[in-house]
Amino acid sequence: HYGRLIHVGSDFIMNVVIPRMKGNFGERRVAAKLRRLRKRDYIVLNNILIPSGQGSSQIDHIVICSSGVFVIETKHYKGWIHGHQKSENWSQTIFKHHTRFKNPIRQNWTHIFALRKLHPNFQKLKYYPIVVFSGRARLKNVTSELPVLYLWQLIRYIRTENHRNQLSPSQMLWIAEIIKSKNLKKRKDRKIHNRHIKMRIKDQKIMAHLKICPRCQGDLLLKNGRYGNFYGCSNYPKCTYTKKLLVIDSE
């Protein structure tokens with residue numbers, strides 16, 4: 001039952017939770033696991049970068065089958081993971097160290113929205129968003145109606161959900177070819193994508209350093225909480241943004 005699941009962020013860069021090297025390692029582990037799916041029943045695409053509005057969207061893994069399209073966001077984390085399906089951020093706990101990262105479920109939905117815009121007929125497809133943790137993370141205090149899985153659960157979940165005959169083999173192949181034709185393979189495109197992400201991160205860090213809320217541009221005020229001092233937005237409760245005191249002072 002996946003009614004109460006676990007979380008992980010997708011943009012490692014958005015909170016510098018793990019370096020890109022670990023992210024790539026996690027994606028390779030998931031790609032290797034997906035190779036266990038029978039090729040006559042499943043088409044697997046890895047590391048796809050497609051246009052999205054004025055930017056681009058990087059999708060870790062796409063699995064196309066007769067039931068529809070599985071869109072997989074990979075997180076290679078360790079420690080305890082906490083989060084809610086609708087939260088903006090999740091948290092990673094390693095002993096007494098807490099780190100926040102972007103909600104991976106919300107991130108994965110941005111990938112699905114980008115896929116839907118690739119072709120008019122893509123609006124009609126059935127999409128299955130999945131967040132999978134490939135590292136040694138423990139999913140605790142994470143609530144989600146959508147699947148947040150450990151790597152060992154991934155193949156079984158895909159096979160279980162693939163029980164609808166909505167797409168023929170020729171339709172599956174056509175979907176894969178459309179996606180591959182839109183894939184931005186040039187190194188320049190990848191650099192631009194990463195640069196845009198880093199620019200967004202840099203802007204958020206600068207605003208936090210200047211005691212400006214990166215969500216609503218309100219003032220960040222020094223407050224005292226149950227676990228010590230922190231900065232909270234002056235527009236609370238309309239804005240619930242918080243930042244640890246030591247994180248801001250050390251940036």
# chains A, B, ... in the order shown; residues from 1 in each chain; ligands from 1
>>> closest_atom_pairs(of="region 47-116 of chain A", to="region 135-154 of chain A", cutoff="9 Å", atoms="only C-alpha atoms", output="tab-separated table")
residue	atom	partner	partner_atom	distance
A:Lys75	CA	A:Gly135	CA	7.4
A:His76	CA	A:Gly135	CA	4.5
A:Tyr77	CA	A:Gly135	CA	5.0
A:Lys78	CA	A:Ala137	CA	3.9
A:Gly79	CA	A:Ala137	CA	4.9
A:Trp80	CA	A:Arg138	CA	4.8
A:Ile81	CA	A:Leu139	CA	4.9
A:His82	CA	A:Val142	CA	5.0
A:Gly83	CA	A:Val142	CA	4.6
A:His84	CA	A:Thr143	CA	4.9
A:Gln85	CA	A:Ser144	CA	4.8
A:Lys86	CA	A:Ser144	CA	8.3
A:Trp90	CA	A:Val142	CA	8.7
A:Gln92	CA	A:Ala137	CA	8.8
A:Ile105	CA	A:Leu146	CA	8.0
>>> closest_atom_pairs(of="region 54-99 of chain A", to="region 223-236 of chain A", cutoff="12 Å", atoms="only C-alpha atoms", output="Markdown table")
| residue | atom | partner | partner_atom | distance |
| --- | --- | --- | --- | --- |
| A:Lys96 | CA | A:Tyr227 | CA | 10.8 |
| A:His97 | CA | A:Tyr227 | CA | 11.8 |
| A:His98 | CA | A:Tyr227 | CA | 11.2 |
>>> closest_residue(among="A:Leu221, A:Ile112, A:Ile155, A:Leu45", to="Ile62 (chain A)", atoms="only C-alpha atoms")
A:Leu45
>>> atom_distance(atom1="CA of Val131 (chain A)", atom2="CA of Asn108 (chain A)")
7.6 Å
